[in-house]
file upload-v4.cif (mmCIF, C-alpha atoms)
data_run
loop_
_atom_site.label_atom_id
_atom_site.label_comp_id
_atom_site.auth_asym_id
_atom_site.auth_seq_id
_atom_site.Cartn_x
_atom_site.Cartn_y
_atom_site.Cartn_z
CA MET A 17 0.00 0.00 0.00
CA THR A 18 1.44 3.36 -1.04
CA ARG A 19 1.58 6.07 1.56
CA SER A 20 0.30 9.56 0.82
CA ASP A 21 2.70 12.50 0.67
CA VAL A 22 1.37 13.75 3.97
CA GLN A 23 1.95 10.36 5.59
CA LEU A 24 5.46 10.20 4.16
CA MET A 25 6.20 13.65 5.53
CA LEU A 26 4.82 12.68 8.94
CA ASP A 27 7.12 9.65 8.87
CA VAL A 28 10.04 11.93 8.04
CA LYS A 29 9.03 14.07 10.99
CA ALA A 30 9.15 10.94 13.16
CA GLY A 31 12.74 10.35 12.07
CA ASP A 32 12.34 8.08 9.02
CA ASP A 33 14.82 9.42 6.45
CA ALA A 34 13.87 6.67 3.99
CA SER A 35 10.46 8.36 3.60
CA PHE A 36 12.22 11.57 2.69
CA ASP A 37 14.08 9.65 0.00
CA LEU A 38 10.73 8.53 -1.45
CA LEU A 39 9.52 12.14 -1.59
CA LEU A 40 12.79 13.10 -3.25
CA GLN A 41 12.36 10.39 -5.91
CA LYS A 42 8.78 11.46 -6.57
CA TYR A 43 9.23 15.20 -6.82
CA ARG A 44 12.78 15.90 -7.96
CA ARG A 45 11.86 15.77 -11.67
CA PRO A 46 8.74 18.01 -11.55
CA LEU A 47 10.58 20.37 -9.25
CA VAL A 48 13.71 20.63 -11.41
CA ASN A 49 11.52 21.17 -14.50
CA PHE A 50 9.42 23.82 -12.81
CA LEU A 51 12.54 25.63 -11.62
CA TYR A 52 14.24 25.26 -15.00
CA ARG A 53 11.25 26.90 -16.70
CA MET A 54 11.44 29.67 -14.14
CA VAL A 55 15.18 30.41 -14.24
CA ARG A 56 16.13 28.89 -17.65
CA ASP A 57 19.41 27.48 -16.42
CA THR A 58 19.83 23.80 -15.56
CA ALA A 59 22.59 24.21 -12.97
CA THR A 60 20.69 26.96 -11.14
CA ALA A 61 17.47 24.94 -11.34
CA GLU A 62 19.18 21.93 -9.73
CA ASP A 63 20.78 24.04 -7.02
CA LEU A 64 17.42 25.59 -6.24
CA ALA A 65 15.70 22.20 -6.22
CA GLN A 66 18.27 20.95 -3.71
CA GLU A 67 17.66 24.01 -1.58
CA VAL A 68 13.90 23.36 -1.68
CA PHE A 69 14.36 19.76 -0.48
CA LEU A 70 16.82 20.85 2.16
CA ARG A 71 14.35 23.40 3.52
CA VAL A 72 11.64 20.77 3.61
CA TYR A 73 13.98 18.45 5.52
CA ARG A 74 15.02 21.16 7.97
CA ALA A 75 11.38 22.06 8.64
CA ARG A 76 10.32 18.44 9.17
CA LYS A 77 9.95 18.78 12.93
CA GLN A 78 7.55 21.69 12.53
CA TYR A 79 5.54 20.03 9.74
CA SER A 80 1.80 19.90 10.22
CA PRO A 81 -0.46 18.54 7.48
CA SER A 82 -2.61 21.66 7.16
CA ALA A 83 -2.29 21.75 3.37
CA LYS A 84 -1.24 19.46 0.53
CA PHE A 85 2.44 18.60 0.53
CA THR A 86 2.82 19.83 -3.05
CA THR A 87 1.35 23.22 -2.11
CA TRP A 88 4.07 23.62 0.49
CA LEU A 89 6.79 22.26 -1.81
CA PHE A 90 5.93 24.48 -4.77
CA ARG A 91 5.41 27.55 -2.62
CA ILE A 92 8.99 27.20 -1.36
CA ALA A 93 10.15 26.57 -4.93
CA THR A 94 8.26 29.60 -6.26
CA ASN A 95 9.74 31.92 -3.63
CA LEU A 96 13.27 30.67 -4.23
CA ALA A 97 12.91 30.89 -8.00
CA LEU A 98 11.53 34.40 -7.95
CA ASN A 99 14.32 35.53 -5.62
CA SER A 100 16.88 33.96 -7.93
CA VAL A 101 15.36 35.63 -11.01
CA ARG A 102 15.32 39.02 -9.25
CA ASP A 103 18.92 38.63 -8.06
CA ASN A 104 20.00 37.64 -11.54
CA ARG A 105 18.18 40.61 -13.00
CA HIS A 106 20.00 42.93 -10.60
CA ARG A 107 23.34 41.35 -11.49
CA GLN A 108 22.64 41.82 -15.17
CA LYS A 109 21.80 45.47 -14.53
CA ASP A 110 25.08 45.92 -12.67
CA VAL A 111 26.95 44.31 -15.54
CA SER A 112 25.22 46.46 -18.12
CA ILE A 113 26.18 49.61 -16.21
CA ASP A 114 29.78 48.46 -15.89
CA ALA A 115 29.93 47.49 -19.53
CA ALA A 116 28.55 50.78 -20.81
CA SER A 117 31.41 51.20 -23.22
CA SER A 118 31.00 47.81 -24.84
CA PRO A 119 30.56 47.71 -28.62
CA ASP A 120 27.00 46.35 -28.26
CA GLU A 121 25.96 49.35 -26.26
CA ASP A 122 23.70 50.68 -28.92
CA ALA A 123 22.43 47.33 -30.04
CA ALA A 124 18.66 47.19 -30.30
CA PRO A 125 16.87 44.92 -27.81
CA MET A 126 15.81 41.54 -29.12
CA GLN A 127 12.61 41.83 -31.08
CA LEU A 128 9.94 39.20 -31.21
CA PRO A 129 9.57 37.78 -34.69
CA ALA A 130 6.77 39.12 -36.80
CA PRO A 131 4.09 36.59 -37.76
CA GLU A 132 5.04 36.79 -41.44
CA MET A 133 8.55 35.55 -40.73
CA ARG A 134 7.29 31.97 -40.63
CA ILE A 135 9.88 31.23 -38.02
CA ASP A 136 8.50 27.74 -37.56
CA GLU A 137 10.04 26.77 -40.90
CA HIS A 138 13.50 27.94 -39.90
CA MET A 139 13.61 26.75 -36.38
CA ILE A 140 14.80 23.38 -35.40
CA GLU A 141 13.01 21.70 -32.56
CA ARG A 142 15.46 22.81 -29.90
CA ASP A 143 15.26 26.42 -30.92
CA ARG A 144 11.48 26.25 -30.84
CA ALA A 145 11.56 24.93 -27.30
CA ASP A 146 14.04 27.63 -26.26
CA TYR A 147 11.90 30.27 -27.86
CA ILE A 148 8.77 29.04 -26.09
CA ARG A 149 10.64 29.00 -22.76
CA LYS A 150 11.88 32.51 -23.38
CA VAL A 151 8.39 33.84 -24.14
CA ILE A 152 7.06 32.19 -20.98
CA SER A 153 9.90 33.63 -18.92
CA GLU A 154 9.00 37.12 -20.11
CA LEU A 155 5.54 36.91 -18.57
CA PRO A 156 5.01 38.86 -15.35
CA GLU A 157 6.10 36.79 -12.32
CA LYS A 158 2.68 35.75 -11.05
CA GLN A 159 1.36 34.94 -14.53
CA ARG A 160 4.46 32.86 -15.23
CA VAL A 161 4.09 30.81 -12.07
CA ALA A 162 0.37 30.37 -12.72
CA VAL A 163 0.96 29.09 -16.26
CA LEU A 164 3.73 26.69 -15.22
CA LEU A 165 1.71 25.19 -12.38
CA HIS A 166 -1.47 25.02 -14.49
CA LYS A 167 -0.05 23.79 -17.78
CA TYR A 168 2.93 21.66 -16.76
CA GLU A 169 2.16 20.56 -13.20
CA GLU A 170 -1.57 20.24 -13.94
CA MET A 171 -2.48 21.53 -10.51
CA ASP A 172 -6.08 22.43 -9.75
CA TYR A 173 -7.12 26.04 -9.36
CA ALA A 174 -7.54 25.87 -5.58
CA GLU A 175 -3.96 24.68 -5.06
CA ILE A 176 -2.42 27.21 -7.47
CA ALA A 177 -4.44 29.96 -5.78
CA ARG A 178 -3.05 28.87 -2.39
CA ILE A 179 0.52 28.88 -3.71
CA LEU A 180 0.07 32.34 -5.22
CA GLU A 181 -1.98 33.51 -2.23
CA CYS A 182 -4.87 34.82 -4.31
CA SER A 183 -8.51 33.91 -4.86
CA GLU A 184 -9.58 31.34 -7.44
CA SER A 185 -11.47 34.04 -9.30
CA ALA A 186 -8.33 36.21 -9.45
CA LEU A 187 -6.34 33.20 -10.61
CA LYS A 188 -8.74 32.53 -13.52
CA SER A 189 -8.33 36.14 -14.70
CA LEU A 190 -4.56 35.87 -14.24
CA LEU A 191 -4.40 32.70 -16.32
CA PHE A 192 -6.56 34.17 -19.06
CA ARG A 193 -4.32 37.24 -19.35
CA ALA A 194 -1.20 35.06 -19.35
CA TYR A 195 -2.48 32.71 -22.07
CA GLU A 196 -3.66 35.65 -24.12
CA THR A 197 -0.14 37.13 -24.01
CA LEU A 198 1.35 33.78 -25.00
CA ARG A 199 -1.18 33.35 -27.79
CA VAL A 200 -0.12 36.68 -29.28
CA GLN A 201 3.63 36.22 -28.71
CA LEU A 202 3.65 32.68 -30.03
CA ALA A 203 1.23 33.41 -32.87
CA PRO A 204 3.66 32.20 -35.59
CA LEU A 205 4.00 28.82 -33.92
CA VAL A 206 0.30 28.63 -33.10
CA ASN A 207 -0.74 29.44 -36.65
CA ALA A 208 1.78 27.03 -38.12
CA SER A 209 0.60 24.30 -35.83
CA ALA A 210 -3.05 25.01 -36.73
CA SER A 211 -2.18 24.91 -40.44
CA ARG A 212 -0.36 21.60 -40.07
CA ARG A 213 -3.30 20.11 -38.22
CA GLU A 214 -5.75 21.30 -40.90
CA GLY A 215 -3.49 19.91 -43.59
CA SER A 216 -3.29 16.52 -41.95
CA GLN A 217 -7.05 16.41 -41.49
CA SER A 218 -7.84 17.27 -45.15
CA MET B 5 -22.89 35.75 -21.24
CA LYS B 6 -20.81 38.58 -22.75
CA CYS B 7 -17.31 38.31 -24.22
CA GLU B 8 -15.82 39.84 -21.03
CA ASP B 9 -17.58 37.26 -18.87
CA VAL B 10 -16.40 34.44 -21.11
CA SER B 11 -12.78 35.52 -20.73
CA LYS B 12 -12.75 34.41 -17.10
CA GLU B 13 -14.46 31.09 -17.72
CA LEU B 14 -12.77 30.23 -21.00
CA ILE B 15 -9.65 28.62 -19.51
CA PRO B 16 -11.61 26.37 -17.06
CA TYR B 17 -13.90 25.48 -19.99
CA LEU B 18 -10.99 24.52 -22.24
CA ASP B 19 -9.25 22.41 -19.59
CA ARG B 20 -12.59 20.82 -18.69
CA ARG B 21 -12.56 21.94 -15.08
CA SER B 22 -15.59 24.27 -15.18
CA ASN B 23 -18.87 23.22 -13.64
CA SER B 24 -21.75 22.20 -15.87
CA ALA B 25 -23.64 25.50 -15.55
CA ASP B 26 -20.60 27.60 -16.56
CA ARG B 27 -19.75 25.16 -19.33
CA HIS B 28 -23.24 25.44 -20.76
CA GLU B 29 -23.12 29.24 -20.74
CA VAL B 30 -19.70 29.32 -22.44
CA GLU B 31 -20.86 26.89 -25.13
CA GLU B 32 -23.91 29.01 -25.81
CA HIS B 33 -21.71 32.10 -26.22
CA LEU B 34 -19.16 30.35 -28.43
CA ALA B 35 -21.96 29.19 -30.70
CA ILE B 36 -22.92 32.79 -31.51
CA CYS B 37 -19.52 34.66 -31.16
CA VAL B 38 -16.97 33.99 -33.89
CA ALA B 39 -14.22 36.05 -32.21
CA CYS B 40 -14.41 34.09 -28.97
CA ARG B 41 -14.66 30.80 -30.87
CA THR B 42 -11.52 31.62 -32.82
CA ARG B 43 -9.74 32.65 -29.64
CA ALA B 44 -10.77 29.39 -27.96
CA GLU B 45 -9.41 27.38 -30.89
CA GLU B 46 -6.12 29.27 -30.83
CA LEU B 47 -5.77 28.75 -27.09
CA ARG B 48 -6.24 25.02 -27.61
CA THR B 49 -3.52 25.07 -30.25
CA LEU B 50 -1.32 27.17 -27.98
CA TRP B 51 -1.46 24.44 -25.36
CA SER B 52 -0.26 21.86 -27.86
CA VAL B 53 2.60 24.25 -28.79
CA LEU B 54 3.53 24.62 -25.10
CA ASP B 55 3.75 20.83 -24.90
CA GLU B 56 6.69 20.98 -27.31
CA VAL B 57 8.94 22.09 -24.47
CA PRO B 58 10.83 18.93 -23.56
CA ILE B 59 11.11 17.64 -20.02
CA VAL B 60 14.48 18.11 -18.37
CA GLU B 61 15.98 15.21 -16.45
CA PRO B 62 17.82 15.92 -13.21
CA SER B 63 21.53 15.13 -13.45
CA LEU B 64 22.76 11.69 -12.38
CA GLY B 65 24.48 13.06 -9.32
CA PHE B 66 21.40 14.89 -8.06
CA ASP B 67 20.32 12.26 -5.52
CA ALA B 68 23.86 11.63 -4.28
CA ARG B 69 24.43 15.34 -3.77
CA MET B 70 21.12 15.65 -1.98
CA ARG B 71 21.88 12.72 0.33
CA ALA B 72 25.29 14.17 1.13
CA ARG B 73 23.73 17.47 2.09
CA ILE B 74 21.12 15.73 4.22
CA ALA B 75 23.88 13.74 5.94
CA GLU B 76 25.60 16.99 6.85
CA GLU B 77 22.50 18.21 8.61
CA PRO B 78 22.70 17.98 12.42
CA GLN B 79 20.59 15.09 13.71
CA PRO B 80 18.31 15.70 16.69
CA ARG B 81 19.27 13.74 19.86
CA TRP B 82 16.92 12.90 22.68
CA PHE B 83 19.27 14.37 25.29
CA ARG B 84 19.80 17.59 23.36
CA TRP B 85 17.04 19.20 25.41
CA PHE B 86 19.15 18.88 28.53
CA VAL B 87 22.27 20.27 26.98
CA PRO B 88 22.33 24.05 26.93
CA GLN B 89 23.65 26.00 24.05
CA PRO B 90 27.49 26.15 24.07
CA ARG B 91 27.57 29.94 24.50
CA LEU B 92 25.09 29.78 27.36
CA ALA B 93 27.06 26.99 29.04
CA MET B 94 30.28 29.00 28.71
CA ALA B 95 28.65 32.11 30.14
CA MET B 96 27.22 30.17 33.09
CA ALA B 97 30.58 28.54 33.85
CA LEU B 98 32.33 31.89 33.70
CA LEU B 99 29.75 33.45 36.02
CA LEU B 100 30.15 30.59 38.50
CA ALA B 101 33.95 30.87 38.48
CA VAL B 102 33.84 34.63 39.04
CA SER B 103 31.35 34.32 41.94
CA VAL B 104 33.49 31.62 43.62
CA TRP B 105 36.61 33.76 43.24
CA ILE B 106 34.85 36.78 44.75
CA THR B 107 33.54 34.86 47.80
CA ARG B 108 37.00 33.45 48.52
CA LEU B 109 38.69 36.85 48.57
CA PRO B 110 40.09 37.64 52.13
CA GLN B 111 38.27 40.43 53.93
CA ASP B 112 41.37 42.57 54.13
CA ASN B 113 41.13 46.32 54.57
CA SER B 114 44.83 46.85 54.21
CA GLY B 115 44.21 48.25 50.88
CA LEU B 116 42.29 51.15 52.41
CA PRO B 117 44.07 54.48 52.82
CA GLY B 118 45.61 55.19 56.27
CA SER B 119 43.25 58.01 57.17
CA VAL B 120 40.19 55.89 56.45
CA GLN B 121 41.59 53.03 58.59
CA ASN B 122 42.24 55.38 61.51
CA GLU B 123 38.77 56.83 61.22
CA GLN B 124 37.29 53.34 61.45
CA GLN B 125 39.33 52.52 64.57
CA GLN B 126 38.34 55.80 66.18
CA PHE B 127 34.72 55.13 65.38
CA GLN B 128 34.93 51.75 67.12
CA VAL B 129 36.40 53.39 70.26
CA ILE B 130 33.74 56.09 70.29
CA LYS B 131 31.05 53.50 69.77
CA ASN B 132 32.22 51.52 72.84
CA LEU B 133 32.98 54.59 74.97
CA ASP B 134 29.79 54.36 77.04
CA VAL B 135 30.56 50.78 77.95
CA LEU B 136 34.17 51.50 78.84
CA GLU B 137 33.23 54.45 81.04
CA ASN B 138 30.47 52.57 82.85
CA TYR B 139 32.19 50.91 85.85
CA ASP B 140 29.05 49.02 86.88
CA VAL B 141 28.96 47.26 83.61
CA LEU B 142 32.63 46.48 83.73
CA SER B 143 32.45 45.27 87.33
CA LYS B 144 29.78 42.75 86.46
CA PHE B 145 31.96 41.04 83.91
CA ASP B 146 32.71 37.48 85.02
CA ALA B 147 36.30 37.99 84.12
CA LEU B 148 36.64 40.53 86.91
CA ASP B 149 35.50 37.93 89.48
CA GLU B 150 38.51 35.84 88.71
CA VAL B 151 40.83 38.65 89.63
CA PRO B 152 42.22 38.26 93.24
CA ALA B 153 40.80 40.62 95.87
CA ASP B 154 44.18 42.40 96.35
CA GLU B 155 44.16 43.29 92.82
CA GLN B 156 40.80 44.98 92.99
CA PRO B 157 40.94 48.03 90.89
CA ALA B 158 41.57 51.27 92.66
CA PRO B 159 38.42 53.14 93.57
CA GLN B 160 37.38 55.65 91.05
CA PRO B 161 37.64 59.29 91.92
CA ASP B 162 33.85 59.50 92.25
CA GLN B 163 33.82 56.71 94.85
CA GLN B 164 36.63 58.37 96.86
CA ASN B 165 34.61 61.55 96.98
CA ASP B 166 31.57 59.60 98.24
CA GLN B 167 33.64 57.98 101.01
CA GLN B 168 35.08 61.32 102.12
CA GLN B 169 31.59 62.80 102.24
CA GLN B 170 30.38 59.88 104.42
CA GLN B 171 33.38 60.30 106.84
CA GLU B 172 32.63 63.98 107.17
#
call {"tool": "encode", "arguments": {"input": "upload-v4.cif", "output": "structure tokens"}}
result
Amino acid sequence: MTRSDVQLMLDVKAGDDASFDLLLQKYRRPLVNFLYRMVRDTATAEDLAQEVFLRVYRARKQYSPSAKFTTWLFRIATNLALNSVRDNRHRQKDVSIDAASSPDEDAAPMQLPAPEMRIDEHMIERDRADYIRKVISELPEKQRVAVLLHKYEEMDYAEIARILECSESALKSLLFRAYETLRVQLAPLVNASASRREGSQS
Amino acid sequence: MKCEDVSKELIPYLDRRSNSADRHEVEEHLAICVACRTRAEELRTLWSVLDEVPIVEPSLGFDARMRARIAEEPQPRWFRWFVPQPRLAMAMALLLAVSVWITRLPQDNSGLPGSVQNEQQQFQVIKNLDVLENYDVLSKFDALDEVPADEQPAPQPDQQNDQQQQQE
């Protein structure tokens, strides 16, 4: 009989480190993926995932099953990821000030491709994935977390709302705005995909 | 339902998590609104595009690194409750040592200045002056009884005066 996450965590609290190992096996992959989509760097994502598990382990004695284990886990992960992204942003700002005399100083910021570029035809699969990740990472923080937890972790609205500390109604609006932005930004890929599907059907 | 109202319920409708009443209302609106129907179709396609992002596998050393970090964590011991924090223990030991040292110090006033010492001695003499001047008190001391009769102290001037007055 498989134990629930809450039961496993209660066993960890009672001193059973083997139960912690089971939680690690179960959640390391979703956690690393979530963090990778947040910070877009595998090494940082792994470091952050380790930090999340370490914090869970350190807090084991104070654990009380008042909410789902995943809510707790992903709330820690979200906070760490957002802090990391903000720190990184500040570092990049510092670098850009220091490197004011670099030759790329006047370079225009990266522009999103226009729909008529038909970028889908020129992009290999890896570039497409990178591009999608980049567009997601440019969403506002809360929208980004909401999309990742909704689309990739398939969490229900109540749990995502608890992680983001907002109402379910606010979350639905947040998700709609986020997906609308993605629909516009990824229009070339969306249209190409729709065309391919129509072609295969006809 | 208007287009603005649909916007909030469209995502739960598309991921099939809306309740039956909301679903029915959204379907009714989509049947008559081309713009919202097109948007709904594009959002569905968007989700299939988002699925193109491959899953990342944690590195092979992830678990080993994690276990090593867990092993470094201090383990709770049942007797830890009785053991005070090292700093607190050090402070308590220091306090105890200082208090013992202070209580064992000799009560020596030699360190006091000469004038202060003299003042203290004079104060003691003044304090006991009444007793020393009172012959009745002194005569009642047991120690005086042990003194032989020949060695009785000479009568005080006051007593001599009394005797002379009686003879007269």
call {"tool": "closest_atom_pairs", "arguments": {"input": "upload-v4.cif", "of": "chain A", "to": "chain B", "cutoff": "6 Å", "atoms": "only C-alpha atoms", "output": "tab-separated table"}}
result
residue	atom	partner	partner_atom	distance
A:Asn49	CA	B:Val60	CA	5.8
A:Ala145	CA	B:Val57	CA	4.8
A:Lys188	CA	B:Lys12	CA	5.7
A:Ser189	CA	B:Lys12	CA	5.3
A:Val206	CA	B:Leu50	CA	5.6
call {"tool": "resolve_selection", "arguments": {"input": "upload-v4.cif", "expression": "the PyMOL selection byres ((chain A and resi 28-36) around 12)", "output": "PyMOL selection string"}}
result
(chain A and resi 18-27+37-44+69-70+72-81) or (chain B and resi 67+70-71+74-75+77+79-82)
call {"tool": "atom_distance", "arguments": {"input": "upload-v4.cif", "atom1": "CA of Glu29 (chain B)", "atom2": "CA of Met5 (chain B)"}}
result
6.5 Å
call {"tool": "atom_distance", "arguments": {"input": "upload-v4.cif", "atom1": "CA of Tyr168 (chain A)", "atom2": "CA of Arg212 (chain A)"}}
result
23.5 Å
call {"tool": "resolve_selection", "arguments": {"input": "upload-v4.cif", "expression": "the PyMOL selection byres ((chain A and resi 163-166) around 8)", "output": "list in words"}}
result
Phe50, Arg53, Gln159, Arg160, Val161, Ala162, Lys167, Tyr168, Glu169, Glu170, Met171, Asp172, Tyr173, Ile176, Leu191, Ala194 and Tyr195 of chain A
call {"tool": "write_last_selection", "arguments": {"input": "upload-v4.cif", "atoms": "C-alpha atoms", "output": "PDB file, keeping the file's coordinate frame"}}
result
ATOM      1  CA  PHE A  50       9.420  23.820 -12.810  1.00  0.00           C
ATOM      2  CA  ARG A  53      11.250  26.900 -16.700  1.00  0.00           C
ATOM      3  CA  GLN A 159       1.360  34.940 -14.530  1.00  0.00           C
ATOM      4  CA  ARG A 160       4.460  32.860 -15.230  1.00  0.00           C
ATOM      5  CA  VAL A 161       4.090  30.810 -12.070  1.00  0.00           C
ATOM      6  CA  ALA A 162       0.370  30.370 -12.720  1.00  0.00           C
ATOM      7  CA  LYS A 167      -0.050  23.790 -17.780  1.00  0.00           C
ATOM      8  CA  TYR A 168       2.930  21.660 -16.760  1.00  0.00           C
ATOM      9  CA  GLU A 169       2.160  20.560 -13.200  1.00  0.00           C
ATOM     10  CA  GLU A 170      -1.570  20.240 -13.940  1.00  0.00           C
ATOM     11  CA  MET A 171      -2.480  21.530 -10.510  1.00  0.00           C
ATOM     12  CA  ASP A 172      -6.080  22.430  -9.750  1.00  0.00           C
ATOM     13  CA  TYR A 173      -7.120  26.040  -9.360  1.00  0.00           C
ATOM     14  CA  ILE A 176      -2.420  27.210  -7.470  1.00  0.00           C
ATOM     15  CA  LEU A 191      -4.400  32.700 -16.320  1.00  0.00           C
ATOM     16  CA  ALA A 194      -1.200  35.060 -19.350  1.00  0.00           C
ATOM     17  CA  TYR A 195      -2.480  32.710 -22.070  1.00  0.00           C
TER      18      TYR A 195
END
call {"tool": "residues_around", "arguments": {"input": "upload-v4.cif", "residues": "Gly65 (chain B)", "least_positions_apart": "5", "cutoff": "12 Å", "atoms": "all atoms listed in the file", "output": "MDAnalysis selection string"}}
result
(chainID A and resid 59 62:63 66) or (chainID B and resid 70:72)
call {"tool": "write_last_selection", "arguments": {"input": "upload-v4.cif", "atoms": "C-alpha atoms", "output": "short mmCIF file (atom, residue, chain, number, x, y, z; two decimals), keeping the file's coordinate frame"}}
result
data_model
loop_
_atom_site.label_atom_id
_atom_site.label_comp_id
_atom_site.auth_asym_id
_atom_site.auth_seq_id
_atom_site.Cartn_x
_atom_site.Cartn_y
_atom_site.Cartn_z
CA ALA A 59 22.59 24.21 -12.97
CA GLU A 62 19.18 21.93 -9.73
CA ASP A 63 20.78 24.04 -7.02
CA GLN A 66 18.27 20.95 -3.71
CA MET B 70 21.12 15.65 -1.98
CA ARG B 71 21.88 12.72 0.33
CA ALA B 72 25.29 14.17 1.13
#
call {"tool": "atom_distance", "arguments": {"input": "upload-v4.cif", "atom1": "CA of Arg144 (chain A)", "atom2": "CA of Tyr52 (chain A)"}}
result
16.1 Å
call {"tool": "residues_around", "arguments": {"input": "upload-v4.cif", "residues": "Cys40 (chain B)", "least_positions_apart": "4", "cutoff": "8 Å", "atoms": "all atoms listed in the file", "output": "list in words"}}
result
Cys7, Leu34 and Ala44 of chain B
